[in-house]
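See below for upload33.pdb, which holds PDB, C-alpha atoms and all ligand atoms.
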```pdb
ATOM      1  CA  MET A 630      96.074 107.692  90.206  1.00  0.00           C
ATOM      2  CA  GLY A 631      93.498 108.066  92.925  1.00  0.00           C
ATOM      3  CA  HIS A 632      90.086 109.641  92.805  1.00  0.00           C
ATOM      4  CA  ASN A 633      88.226 112.872  93.353  1.00  0.00           C
ATOM      5  CA  LEU A 634      88.017 113.356  97.094  1.00  0.00           C
ATOM      6  CA  GLY A 635      84.684 115.145  96.829  1.00  0.00           C
ATOM      7  CA  ARG A 636      85.452 117.651  99.559  1.00  0.00           C
ATOM      8  CA  GLN A 637      87.585 120.692 100.266  1.00  0.00           C
ATOM      9  CA  GLU A 638      87.796 120.703 104.057  1.00  0.00           C
ATOM     10  CA  PHE A 639      90.297 118.480 105.816  1.00  0.00           C
ATOM     11  CA  GLY A 640      91.004 117.989 109.477  1.00  0.00           C
ATOM     12  CA  ASP A 641      89.878 120.188 112.317  1.00  0.00           C
ATOM     13  CA  PRO A 642      91.323 123.702 112.773  1.00  0.00           C
ATOM     14  CA  LYS A 643      91.614 123.106 116.514  1.00  0.00           C
ATOM     15  CA  ASN A 644      94.331 120.530 115.743  1.00  0.00           C
ATOM     16  CA  LYS A 645      96.677 123.188 114.399  1.00  0.00           C
ATOM     17  CA  GLY A 646     100.247 122.364 115.311  1.00  0.00           C
ATOM     18  CA  ASN A 647      99.538 118.691 115.984  1.00  0.00           C
ATOM     19  CA  VAL A 648     101.988 116.354 114.300  1.00  0.00           C
ATOM     20  CA  LEU A 649     102.995 112.725 114.549  1.00  0.00           C
ATOM     21  CA  SER A 650     106.267 111.942 116.255  1.00  0.00           C
ATOM     22  CA  ARG A 651     108.959 110.912 113.809  1.00  0.00           C
ATOM     23  CA  GLU A 652     108.717 107.411 115.235  1.00  0.00           C
ATOM     24  CA  ASP A 653     104.956 107.189 114.655  1.00  0.00           C
ATOM     25  CA  ALA A 654     105.263 108.612 111.148  1.00  0.00           C
ATOM     26  CA  ASN A 655     107.909 106.043 110.278  1.00  0.00           C
ATOM     27  CA  SER A 656     105.889 103.153 111.662  1.00  0.00           C
ATOM     28  CA  LEU A 657     102.832 104.275 109.701  1.00  0.00           C
ATOM     29  CA  LEU A 658     104.994 104.424 106.586  1.00  0.00           C
ATOM     30  CA  ASN A 659     106.456 100.982 107.188  1.00  0.00           C
ATOM     31  CA  ASP A 660     103.117  99.391 108.119  1.00  0.00           C
ATOM     32  CA  TRP A 661     101.247 100.701 105.116  1.00  0.00           C
ATOM     33  CA  VAL A 662     103.904 100.738 102.399  1.00  0.00           C
ATOM     34  CA  LYS A 663     105.517  97.409 101.581  1.00  0.00           C
ATOM     35  CA  ASN A 664     106.997  98.459  98.254  1.00  0.00           C
ATOM     36  CA  ASP A 665     110.626  99.572  98.690  1.00  0.00           C
ATOM     37  CA  ARG A 666     110.612 101.835  95.653  1.00  0.00           C
ATOM     38  CA  LEU A 667     107.523 103.677  96.800  1.00  0.00           C
ATOM     39  CA  ARG A 668     108.941 104.041 100.323  1.00  0.00           C
ATOM     40  CA  LEU A 669     112.112 105.506  98.862  1.00  0.00           C
ATOM     41  CA  HIS A 670     110.062 107.929  96.734  1.00  0.00           C
ATOM     42  CA  MET A 671     108.210 109.107  99.841  1.00  0.00           C
ATOM     43  CA  LYS A 672     111.459 109.551 101.772  1.00  0.00           C
ATOM     44  CA  GLN A 673     112.985 111.488  98.894  1.00  0.00           C
ATOM     45  CA  VAL A 674     110.027 113.836  98.642  1.00  0.00           C
ATOM     46  CA  ALA A 675     110.082 114.218 102.442  1.00  0.00           C
ATOM     47  CA  TYR A 676     113.753 115.180 102.355  1.00  0.00           C
ATOM     48  CA  LEU A 677     113.198 117.750  99.611  1.00  0.00           C
ATOM     49  CA  MET A 678     110.284 119.223 101.578  1.00  0.00           C
ATOM     50  CA  LYS A 679     112.444 119.382 104.690  1.00  0.00           C
ATOM     51  CA  LYS A 680     115.309 121.114 102.900  1.00  0.00           C
ATOM     52  CA  TRP A 681     112.988 123.572 101.135  1.00  0.00           C
ATOM     53  CA  ALA A 682     111.172 124.442 104.363  1.00  0.00           C
ATOM     54  CA  GLY A 683     114.439 125.213 106.118  1.00  0.00           C
ATOM     55  CA  GLU A 684     116.348 126.890 103.307  1.00  0.00           C
ATOM     56  CA  LYS A 685     113.713 128.712 101.290  1.00  0.00           C
ATOM     57  CA  GLU A 686     110.887 129.230 103.765  1.00  0.00           C
ATOM     58  CA  GLY A 687     113.084 129.808 106.802  1.00  0.00           C
ATOM     59  CA  LEU A 688     110.802 127.786 109.072  1.00  0.00           C
ATOM     60  CA  ASP A 689     111.660 126.632 112.584  1.00  0.00           C
ATOM     61  CA  ASP A 690     112.108 122.961 113.494  1.00  0.00           C
ATOM     62  CA  ALA A 691     108.398 122.378 114.077  1.00  0.00           C
ATOM     63  CA  GLY A 692     107.503 123.962 110.740  1.00  0.00           C
ATOM     64  CA  ILE A 693     110.190 121.991 108.953  1.00  0.00           C
ATOM     65  CA  TRP A 694     108.925 118.714 110.406  1.00  0.00           C
ATOM     66  CA  SER A 695     105.363 119.425 109.281  1.00  0.00           C
ATOM     67  CA  TRP A 696     106.588 119.877 105.695  1.00  0.00           C
ATOM     68  CA  GLU A 697     108.714 116.749 105.961  1.00  0.00           C
ATOM     69  CA  MET A 698     105.827 114.764 107.416  1.00  0.00           C
ATOM     70  CA  ALA A 699     103.525 115.755 104.537  1.00  0.00           C
ATOM     71  CA  GLY A 700     106.134 114.469 102.100  1.00  0.00           C
ATOM     72  CA  LEU A 701     106.761 111.313 104.054  1.00  0.00           C
ATOM     73  CA  LEU A 702     103.122 110.250 104.119  1.00  0.00           C
ATOM     74  CA  HIS A 703     101.641 111.703 100.923  1.00  0.00           C
ATOM     75  CA  ASP A 704     101.436 108.345  99.117  1.00  0.00           C
ATOM     76  CA  ALA A 705     100.970 106.114 102.177  1.00  0.00           C
ATOM     77  CA  ASP A 706      97.803 104.441 100.860  1.00  0.00           C
ATOM     78  CA  TRP A 707      98.955 104.122  97.244  1.00  0.00           C
ATOM     79  CA  ASP A 708     100.730 100.778  97.674  1.00  0.00           C
ATOM     80  CA  GLN A 709      97.891  98.696  99.093  1.00  0.00           C
ATOM     81  CA  TRP A 710      94.783 100.705  98.188  1.00  0.00           C
ATOM     82  CA  PRO A 711      95.507 102.606  94.952  1.00  0.00           C
ATOM     83  CA  ASP A 712      91.798 103.055  94.207  1.00  0.00           C
ATOM     84  CA  GLN A 713      91.384 104.896  97.481  1.00  0.00           C
ATOM     85  CA  HIS A 714      94.472 107.093  97.133  1.00  0.00           C
ATOM     86  CA  CYS A 715      94.652 109.473  99.003  1.00  0.00           C
ATOM     87  CA  SER A 716      91.481 109.346 101.074  1.00  0.00           C
ATOM     88  CA  LEU A 717      92.684 106.592 103.430  1.00  0.00           C
ATOM     89  CA  ILE A 718      95.756 108.421 104.618  1.00  0.00           C
ATOM     90  CA  ILE A 719      93.692 111.600 104.990  1.00  0.00           C
ATOM     91  CA  GLU A 720      91.131 109.792 107.159  1.00  0.00           C
ATOM     92  CA  GLU A 721      93.890 108.197 109.215  1.00  0.00           C
ATOM     93  CA  LEU A 722      95.528 111.575 109.905  1.00  0.00           C
ATOM     94  CA  GLU A 723      92.140 113.084 110.741  1.00  0.00           C
ATOM     95  CA  LYS A 724      91.558 110.268 113.224  1.00  0.00           C
ATOM     96  CA  ARG A 725      94.911 111.060 114.791  1.00  0.00           C
ATOM     97  CA  ASN A 726      93.985 114.766 115.109  1.00  0.00           C
ATOM     98  CA  ILE A 727      96.760 116.003 112.845  1.00  0.00           C
ATOM     99  CA  ASP A 728      97.167 119.634 111.770  1.00  0.00           C
ATOM    100  CA  PRO A 729      94.794 120.389 108.851  1.00  0.00           C
ATOM    101  CA  GLU A 730      97.609 122.132 106.977  1.00  0.00           C
ATOM    102  CA  ILE A 731      99.489 118.830 106.617  1.00  0.00           C
ATOM    103  CA  ILE A 732      96.350 116.985 105.580  1.00  0.00           C
ATOM    104  CA  HIS A 733      95.489 119.651 103.014  1.00  0.00           C
ATOM    105  CA  ALA A 734      98.954 119.390 101.487  1.00  0.00           C
ATOM    106  CA  ILE A 735      98.465 115.650 101.030  1.00  0.00           C
ATOM    107  CA  ALA A 736      94.946 116.170  99.656  1.00  0.00           C
ATOM    108  CA  SER A 737      96.163 118.627  97.008  1.00  0.00           C
ATOM    109  CA  HIS A 738      99.237 116.783  95.714  1.00  0.00           C
ATOM    110  CA  GLY A 739      97.407 115.872  92.500  1.00  0.00           C
ATOM    111  CA  PRO A 740      94.790 118.553  91.797  1.00  0.00           C
ATOM    112  CA  ASP A 741      93.596 116.879  88.574  1.00  0.00           C
ATOM    113  CA  TYR A 742      92.960 113.603  90.396  1.00  0.00           C
ATOM    114  CA  PHE A 743      91.857 114.648  93.845  1.00  0.00           C
ATOM    115  CA  GLY A 744      89.956 117.809  92.910  1.00  0.00           C
ATOM    116  CA  VAL A 745      91.705 119.888  95.559  1.00  0.00           C
ATOM    117  CA  GLU A 746      93.772 122.937  94.597  1.00  0.00           C
ATOM    118  CA  PRO A 747      97.170 123.580  96.204  1.00  0.00           C
ATOM    119  CA  VAL A 748      96.848 126.776  98.252  1.00  0.00           C
ATOM    120  CA  THR A 749      99.691 127.131 100.745  1.00  0.00           C
ATOM    121  CA  ASN A 750     103.396 126.975  99.928  1.00  0.00           C
ATOM    122  CA  MET A 751     103.480 123.551 101.563  1.00  0.00           C
ATOM    123  CA  ASP A 752     100.742 122.367  99.199  1.00  0.00           C
ATOM    124  CA  LYS A 753     102.425 123.835  96.150  1.00  0.00           C
ATOM    125  CA  MET A 754     105.874 122.490  96.859  1.00  0.00           C
ATOM    126  CA  LEU A 755     104.608 118.987  97.581  1.00  0.00           C
ATOM    127  CA  PHE A 756     102.842 119.030  94.225  1.00  0.00           C
ATOM    128  CA  ALA A 757     105.948 120.434  92.519  1.00  0.00           C
ATOM    129  CA  PHE A 758     108.411 117.942  93.994  1.00  0.00           C
ATOM    130  CA  ASP A 759     106.271 114.866  93.556  1.00  0.00           C
ATOM    131  CA  GLU A 760     106.572 114.146  89.820  1.00  0.00           C
ATOM    132  CA  LEU A 761     109.914 115.814  89.214  1.00  0.00           C
ATOM    133  CA  SER A 762     111.557 113.906  92.035  1.00  0.00           C
ATOM    134  CA  GLY A 763     110.579 110.635  90.367  1.00  0.00           C
ATOM    135  CA  LEU A 764     111.994 111.654  87.019  1.00  0.00           C
ATOM    136  CA  VAL A 765     115.302 112.769  88.525  1.00  0.00           C
ATOM    137  CA  HIS A 766     115.519 109.510  90.450  1.00  0.00           C
ATOM    138  CA  ALA A 767     114.853 107.461  87.312  1.00  0.00           C
ATOM    139  CA  TYR A 768     117.654 109.395  85.633  1.00  0.00           C
ATOM    140  CA  SER A 769     120.045 108.696  88.533  1.00  0.00           C
ATOM    141  CA  LEU A 770     119.391 104.967  88.132  1.00  0.00           C
ATOM    142  CA  MET A 771     120.569 104.987  84.527  1.00  0.00           C
ATOM    143  CA  ARG A 772     123.746 106.883  85.324  1.00  0.00           C
ATOM    144  CA  PRO A 773     126.703 104.758  86.525  1.00  0.00           C
ATOM    145  CA  GLU A 774     127.590 107.595  88.953  1.00  0.00           C
ATOM    146  CA  GLY A 775     124.026 107.995  90.199  1.00  0.00           C
ATOM    147  CA  TYR A 776     123.517 111.521  91.490  1.00  0.00           C
ATOM    148  CA  ALA A 777     127.218 112.408  91.456  1.00  0.00           C
ATOM    149  CA  GLY A 778     128.042 114.924  88.736  1.00  0.00           C
ATOM    150  CA  MET A 779     124.438 115.096  87.555  1.00  0.00           C
ATOM    151  CA  GLU A 780     123.748 118.250  85.550  1.00  0.00           C
ATOM    152  CA  LEU A 781     120.719 120.372  84.848  1.00  0.00           C
ATOM    153  CA  LYS A 782     121.029 119.876  81.104  1.00  0.00           C
ATOM    154  CA  GLY A 783     120.973 116.080  81.457  1.00  0.00           C
ATOM    155  CA  VAL A 784     117.727 116.223  83.408  1.00  0.00           C
ATOM    156  CA  LYS A 785     116.200 118.652  80.898  1.00  0.00           C
ATOM    157  CA  LYS A 786     117.108 116.342  78.037  1.00  0.00           C
ATOM    158  CA  ARG A 787     115.281 113.473  79.790  1.00  0.00           C
ATOM    159  CA  LEU A 788     112.304 115.720  80.394  1.00  0.00           C
ATOM    160  CA  LYS A 789     112.053 116.349  76.654  1.00  0.00           C
ATOM    161  CA  GLU A 790     112.200 112.626  75.844  1.00  0.00           C
ATOM    162  CA  LYS A 791     108.581 111.619  76.198  1.00  0.00           C
ATOM    163  CA  SER A 792     109.488 107.933  76.403  1.00  0.00           C
ATOM    164  CA  PHE A 793     111.764 108.437  79.411  1.00  0.00           C
ATOM    165  CA  ALA A 794     109.896 107.847  82.698  1.00  0.00           C
ATOM    166  CA  ALA A 795     106.790 108.047  80.535  1.00  0.00           C
ATOM    167  CA  ASN A 796     104.469 107.810  83.538  1.00  0.00           C
ATOM    168  CA  VAL A 797     105.825 111.105  84.880  1.00  0.00           C
ATOM    169  CA  SER A 798     103.481 113.853  83.746  1.00  0.00           C
ATOM    170  CA  ARG A 799     105.368 116.732  82.096  1.00  0.00           C
ATOM    171  CA  ASP A 800     102.191 118.781  82.223  1.00  0.00           C
ATOM    172  CA  ASP A 801     101.938 118.331  85.987  1.00  0.00           C
ATOM    173  CA  ILE A 802     105.559 119.416  86.387  1.00  0.00           C
ATOM    174  CA  ASN A 803     105.070 122.609  84.401  1.00  0.00           C
ATOM    175  CA  ASN A 804     101.760 123.286  86.036  1.00  0.00           C
ATOM    176  CA  ALA A 805     103.261 122.782  89.508  1.00  0.00           C
ATOM    177  CA  CYS A 806     106.183 125.120  88.832  1.00  0.00           C
ATOM    178  CA  SER A 807     103.961 127.912  87.650  1.00  0.00           C
ATOM    179  CA  ARG A 808     101.617 127.506  90.617  1.00  0.00           C
ATOM    180  CA  ALA A 809     104.579 127.543  93.011  1.00  0.00           C
ATOM    181  CA  GLY A 810     106.166 130.520  91.241  1.00  0.00           C
ATOM    182  CA  VAL A 811     109.414 128.575  90.960  1.00  0.00           C
ATOM    183  CA  GLN A 812     111.536 128.314  87.834  1.00  0.00           C
ATOM    184  CA  LEU A 813     111.803 124.772  86.527  1.00  0.00           C
ATOM    185  CA  ASP A 814     115.606 125.038  86.352  1.00  0.00           C
ATOM    186  CA  ASP A 815     115.817 126.134  89.987  1.00  0.00           C
ATOM    187  CA  LEU A 816     113.637 123.274  91.088  1.00  0.00           C
ATOM    188  CA  ILE A 817     115.679 120.725  89.127  1.00  0.00           C
ATOM    189  CA  ASN A 818     118.915 122.107  90.565  1.00  0.00           C
ATOM    190  CA  PHE A 819     117.499 121.889  94.079  1.00  0.00           C
ATOM    191  CA  ILE A 820     116.523 118.255  93.547  1.00  0.00           C
ATOM    192  CA  ILE A 821     119.911 117.391  92.031  1.00  0.00           C
ATOM    193  CA  LYS A 822     121.630 119.003  95.003  1.00  0.00           C
ATOM    194  CA  TYR A 823     119.700 117.171  97.722  1.00  0.00           C
ATOM    195  CA  GLN A 824     117.924 114.099  96.506  1.00  0.00           C
ATOM    196  CA  GLY A 825     121.031 111.907  96.514  1.00  0.00           C
ATOM    197  CA  GLU A 826     121.310 112.381 100.291  1.00  0.00           C
ATOM    198  CA  ALA A 827     117.771 111.173 100.964  1.00  0.00           C
ATOM    199  CA  GLY A 828     116.569 107.771 102.121  1.00  0.00           C
TER     200      GLY A 828
HETATM  201 FE    FE B 901     100.211 110.351  95.028  1.00  0.00          FE
HETATM  202 FE    FE B 902     104.227 110.762  95.198  1.00  0.00          FE
END
```
Re-express the file's structure as structure tokens.
Ligand SMILES: [Fe+2]
Ligand SMILES: [Fe+2]
Amino acid sequence: MGHNLGRQEFGDPKNKGNVLSREDANSLLNDWVKNDRLRLHMKQVAYLMKKWAGEKEGLDDAGIWSWEMAGLLHDADWDQWPDQHCSLIIEELEKRNIDPEIIHAIASHGPDYFGVEPVTNMDKMLFAFDELSGLVHAYSLMRPEGYAGMELKGVKKRLKEKSFAANVSRDDINNACSRAGVQLDDLINFIIKYQGEAG
């Protein structure tokens, strides 16, 4: 699941506001991530970040894209270099002079693994969406209707079944919700509402 990054500072403050173009972000994603399932996961998290930034944070287009970009690239090095997750993507974004806020969000998406605490709302929501998004997607795959008609109570039942999507950490989900100050039910409903449109 990656390793302790051994540092707390990411990027250079003078790069504030610097982002990749959508085209460059997509080519980085496609170059680095060969696994379709992982690419879909990253696109789903990106879409949730985008929707949250617009709807709940009321950000402008530039702000929304920075949230989306953090989601889109958070696991970029996981496919080919899992032992170095997520230091390679961090170094790559530093080399490209990207906004430290985006890099910090990526660096804190697994505080227990990377040793970096989520601080900003962008950090906290990336952490919160990451695991829960995967569980909801796994649930959609076992439903003949996919996301259509999916209900909160169905997701909560799967959450209680430890054997379902067993690699998804229930502790991380609860931890992330309390850090973000978001009710678990609200977060699940948000994912149900939007995740089917992603990818
Ligand atoms: Fe990750
Ligand atoms: Fe992830």
> So which residues get picked by the PyMOL selection byres (((chain A and resi 684-694) around 12) and not hetatm) here, written as an MDAnalysis selection string?
Replying inline: chainID A and resid 645:651 654 675:683 695:701 728 730:731 749:751 754 811 815:816 819 823
Deliver the residues from the most recent selection as a file, using C-alpha atoms, as an mmCIF file, in the frame of the given file.
```cif
data_model
loop_
_atom_site.group_PDB
_atom_site.id
_atom_site.type_symbol
_atom_site.label_atom_id
_atom_site.label_comp_id
_atom_site.auth_asym_id
_atom_site.auth_seq_id
_atom_site.Cartn_x
_atom_site.Cartn_y
_atom_site.Cartn_z
ATOM 1 C CA LYS A 645 96.677 123.188 114.399
ATOM 2 C CA GLY A 646 100.247 122.364 115.311
ATOM 3 C CA ASN A 647 99.538 118.691 115.984
ATOM 4 C CA VAL A 648 101.988 116.354 114.300
ATOM 5 C CA LEU A 649 102.995 112.725 114.549
ATOM 6 C CA SER A 650 106.267 111.942 116.255
ATOM 7 C CA ARG A 651 108.959 110.912 113.809
ATOM 8 C CA ALA A 654 105.263 108.612 111.148
ATOM 9 C CA ALA A 675 110.082 114.218 102.442
ATOM 10 C CA TYR A 676 113.753 115.180 102.355
ATOM 11 C CA LEU A 677 113.198 117.750 99.611
ATOM 12 C CA MET A 678 110.284 119.223 101.578
ATOM 13 C CA LYS A 679 112.444 119.382 104.690
ATOM 14 C CA LYS A 680 115.309 121.114 102.900
ATOM 15 C CA TRP A 681 112.988 123.572 101.135
ATOM 16 C CA ALA A 682 111.172 124.442 104.363
ATOM 17 C CA GLY A 683 114.439 125.213 106.118
ATOM 18 C CA SER A 695 105.363 119.425 109.281
ATOM 19 C CA TRP A 696 106.588 119.877 105.695
ATOM 20 C CA GLU A 697 108.714 116.749 105.961
ATOM 21 C CA MET A 698 105.827 114.764 107.416
ATOM 22 C CA ALA A 699 103.525 115.755 104.537
ATOM 23 C CA GLY A 700 106.134 114.469 102.100
ATOM 24 C CA LEU A 701 106.761 111.313 104.054
ATOM 25 C CA ASP A 728 97.167 119.634 111.770
ATOM 26 C CA GLU A 730 97.609 122.132 106.977
ATOM 27 C CA ILE A 731 99.489 118.830 106.617
ATOM 28 C CA THR A 749 99.691 127.131 100.745
ATOM 29 C CA ASN A 750 103.396 126.975 99.928
ATOM 30 C CA MET A 751 103.480 123.551 101.563
ATOM 31 C CA MET A 754 105.874 122.490 96.859
ATOM 32 C CA VAL A 811 109.414 128.575 90.960
ATOM 33 C CA ASP A 815 115.817 126.134 89.987
ATOM 34 C CA LEU A 816 113.637 123.274 91.088
ATOM 35 C CA PHE A 819 117.499 121.889 94.079
ATOM 36 C CA TYR A 823 119.700 117.171 97.722
#
```
Check which residues of stretch 664-693 of chain A sit at most 8 Å from stretch 703-721 of chain A using only C-alpha atoms, and return one row each with the closest pair of atoms and their distance in Å to one decimal, ordered by chain and rising number, as a tab-separated table.
```
residue	atom	partner	partner_atom	distance
A:Asn664	CA	A:Asp708	CA	6.7
A:Leu667	CA	A:Asp708	CA	7.4
A:Met671	CA	A:Asp704	CA	6.9
```
>> Under the rule that all atoms listed in the file are counted, which of A:Cys806, A:Ile727, A:Leu657, A:Leu770 is the nearest residue to A:Pro642?
In response: A:Ile727
>> If we count all atoms listed in the file and set the cut-off at 10 Å, which residues sit around A:Gly825, ignoring sequence neighbours fewer than 2 positions away in its own chain? Please answer as a ChimeraX atom specification.
In response: /A:673,676,765-766,769,775-777,820-823,827-828
Would you place a box with edges along x, y and z of the file around all atoms of stretch 688-693 of chain A listed there, add 4 Å to each of its six sides, and report the centre and edge lengths in Å to one decimal, as JSON?
```
{"center_x": 109.8, "center_y": 124.9, "center_z": 111.5, "size_x": 12.6, "size_y": 13.8, "size_z": 13.1}
```
> From the list A:Ser792, A:Ser737, A:Asn818, A:Asn803, which residue is nearest ligand FE 901 (chain B) when using all atoms listed in the file?
Replying inline: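 Residue with the minimum atom-to-atom distance to ligand FE 901 (chain B): A:Ser737.
Between atom CA of A:Leu722 and atom CA of A:Asp653 the separation is 11.4 Å.
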>> Selection in question (the file shown): the PyMOL selection byres (((chain A and resi 640) around 6) and not hetatm). Which residues does it include, as a list in words?
In response: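 Checking the PyMOL selection byres (((chain A and resi 640) around 6) and not hetatm) against this file, the residues are Phe639, Asp641, Glu723 and Pro729 of chain A.
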> Within 6 Å of A:Asn633, counting all atoms listed in the file, which residues qualify if same-chain residues fewer than 6 places away don't, as a PyMOL selection string?
Replying inline: chain A and resi 742-744
>> Applying the PyMOL selection byres (((chain A and resi 782) around 12) and not hetatm) to the file I just gave you, which residues come out? Please list them as an MDAnalysis selection string.
In response: chainID A and resid 765 768 778:781 783:789 813:814 817:818 821
Those same residues - C-alpha atoms - I'd like them written as a short mmCIF file (atom, residue, chain, number, x, y, z; two decimals), keeping the file's coordinate frame.
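Result file again_25.cif:
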```
data_model
loop_
_atom_site.label_atom_id
_atom_site.label_comp_id
_atom_site.auth_asym_id
_atom_site.auth_seq_id
_atom_site.Cartn_x
_atom_site.Cartn_y
_atom_site.Cartn_z
CA VAL A 765 115.30 112.77 88.52
CA TYR A 768 117.65 109.40 85.63
CA GLY A 778 128.04 114.92 88.74
CA MET A 779 124.44 115.10 87.56
CA GLU A 780 123.75 118.25 85.55
CA LEU A 781 120.72 120.37 84.85
CA GLY A 783 120.97 116.08 81.46
CA VAL A 784 117.73 116.22 83.41
CA LYS A 785 116.20 118.65 80.90
CA LYS A 786 117.11 116.34 78.04
CA ARG A 787 115.28 113.47 79.79
CA LEU A 788 112.30 115.72 80.39
CA LYS A 789 112.05 116.35 76.65
CA LEU A 813 111.80 124.77 86.53
CA ASP A 814 115.61 125.04 86.35
CA ILE A 817 115.68 120.72 89.13
CA ASN A 818 118.92 122.11 90.56
CA ILE A 821 119.91 117.39 92.03
#
```
>> Taking (106.8, 110.1, 83.1) in the coordinates of the supplied file, I want to know which residues reach to within 12 Å of it, counting all atoms listed in the file; could you give the answer as a PyMOL selection string?
In response: chain A and resi 759-768+787-802
Keeping only C-alpha atoms, write the selected residues to a file as a short mmCIF file (atom, residue, chain, number, x, y, z; two decimals), in the frame of the given file.
```cif
data_model
loop_
_atom_site.label_atom_id
_atom_site.label_comp_id
_atom_site.auth_asym_id
_atom_site.auth_seq_id
_atom_site.Cartn_x
_atom_site.Cartn_y
_atom_site.Cartn_z
CA ASP A 759 106.27 114.87 93.56
CA GLU A 760 106.57 114.15 89.82
CA LEU A 761 109.91 115.81 89.21
CA SER A 762 111.56 113.91 92.04
CA GLY A 763 110.58 110.64 90.37
CA LEU A 764 111.99 111.65 87.02
CA VAL A 765 115.30 112.77 88.52
CA HIS A 766 115.52 109.51 90.45
CA ALA A 767 114.85 107.46 87.31
CA TYR A 768 117.65 109.40 85.63
CA ARG A 787 115.28 113.47 79.79
CA LEU A 788 112.30 115.72 80.39
CA LYS A 789 112.05 116.35 76.65
CA GLU A 790 112.20 112.63 75.84
CA LYS A 791 108.58 111.62 76.20
CA SER A 792 109.49 107.93 76.40
CA PHE A 793 111.76 108.44 79.41
CA ALA A 794 109.90 107.85 82.70
CA ALA A 795 106.79 108.05 80.54
CA ASN A 796 104.47 107.81 83.54
CA VAL A 797 105.82 111.10 84.88
CA SER A 798 103.48 113.85 83.75
CA ARG A 799 105.37 116.73 82.10
CA ASP A 800 102.19 118.78 82.22
CA ASP A 801 101.94 118.33 85.99
CA ILE A 802 105.56 119.42 86.39
#
```
> Of the candidates A:Asn644, A:Glu774, A:Ala809, A:His632, which shows the shortest atom-to-atom distance to A:Asp752, using only C-alpha atoms?
Replying inline: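 Closest to A:Asp752, using only C-alpha atoms: A:Ala809.
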> Between atom CA of A:Glu746 and atom CA of A:Gly810, what is the distance, to one decimal in Å?
Replying inline: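 Computed distance, atom CA of A:Glu746 to atom CA of A:Gly810, equals 14.9 Å.
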Atom completion result for stretch 648-659 of chain A (N, CA and C atoms) as a PDB file, in the frame of the given file:
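To be explicit, this is the file written out as selection-v8.pdb:
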```
ATOM      1  N   VAL A 648     101.246 117.177 115.269  1.00  0.00           N
ATOM      2  CA  VAL A 648     101.988 116.354 114.300  1.00  0.00           C
ATOM      3  C   VAL A 648     102.168 114.960 114.882  1.00  0.00           C
ATOM      4  N   LEU A 649     102.568 114.030 114.042  1.00  0.00           N
ATOM      5  CA  LEU A 649     102.995 112.725 114.549  1.00  0.00           C
ATOM      6  C   LEU A 649     104.441 112.859 115.007  1.00  0.00           C
ATOM      7  N   SER A 650     104.839 112.020 115.942  1.00  0.00           N
ATOM      8  CA  SER A 650     106.267 111.942 116.255  1.00  0.00           C
ATOM      9  C   SER A 650     106.946 111.307 115.040  1.00  0.00           C
ATOM     10  N   ARG A 651     108.228 111.516 114.926  1.00  0.00           N
ATOM     11  CA  ARG A 651     108.959 110.912 113.809  1.00  0.00           C
ATOM     12  C   ARG A 651     108.810 109.391 113.842  1.00  0.00           C
ATOM     13  N   GLU A 652     108.842 108.861 115.060  1.00  0.00           N
ATOM     14  CA  GLU A 652     108.717 107.411 115.235  1.00  0.00           C
ATOM     15  C   GLU A 652     107.358 106.895 114.722  1.00  0.00           C
ATOM     16  N   ASP A 653     106.298 107.596 115.102  1.00  0.00           N
ATOM     17  CA  ASP A 653     104.956 107.189 114.655  1.00  0.00           C
ATOM     18  C   ASP A 653     104.786 107.346 113.142  1.00  0.00           C
ATOM     19  N   ALA A 654     105.365 108.408 112.603  1.00  0.00           N
ATOM     20  CA  ALA A 654     105.263 108.612 111.148  1.00  0.00           C
ATOM     21  C   ALA A 654     105.988 107.496 110.415  1.00  0.00           C
ATOM     22  N   ASN A 655     107.167 107.123 110.924  1.00  0.00           N
ATOM     23  CA  ASN A 655     107.909 106.043 110.278  1.00  0.00           C
ATOM     24  C   ASN A 655     107.196 104.710 110.415  1.00  0.00           C
ATOM     25  N   SER A 656     106.569 104.452 111.574  1.00  0.00           N
ATOM     26  CA  SER A 656     105.889 103.153 111.662  1.00  0.00           C
ATOM     27  C   SER A 656     104.641 103.112 110.790  1.00  0.00           C
ATOM     28  N   LEU A 657     103.961 104.231 110.651  1.00  0.00           N
ATOM     29  CA  LEU A 657     102.832 104.275 109.701  1.00  0.00           C
ATOM     30  C   LEU A 657     103.327 104.004 108.278  1.00  0.00           C
ATOM     31  N   LEU A 658     104.400 104.645 107.917  1.00  0.00           N
ATOM     32  CA  LEU A 658     104.994 104.424 106.586  1.00  0.00           C
ATOM     33  C   LEU A 658     105.333 102.943 106.383  1.00  0.00           C
ATOM     34  N   ASN A 659     106.015 102.372 107.353  1.00  0.00           N
ATOM     35  CA  ASN A 659     106.456 100.982 107.188  1.00  0.00           C
ATOM     36  C   ASN A 659     105.312  99.973 107.251  1.00  0.00           C
TER      37      ASN A 659
END
```
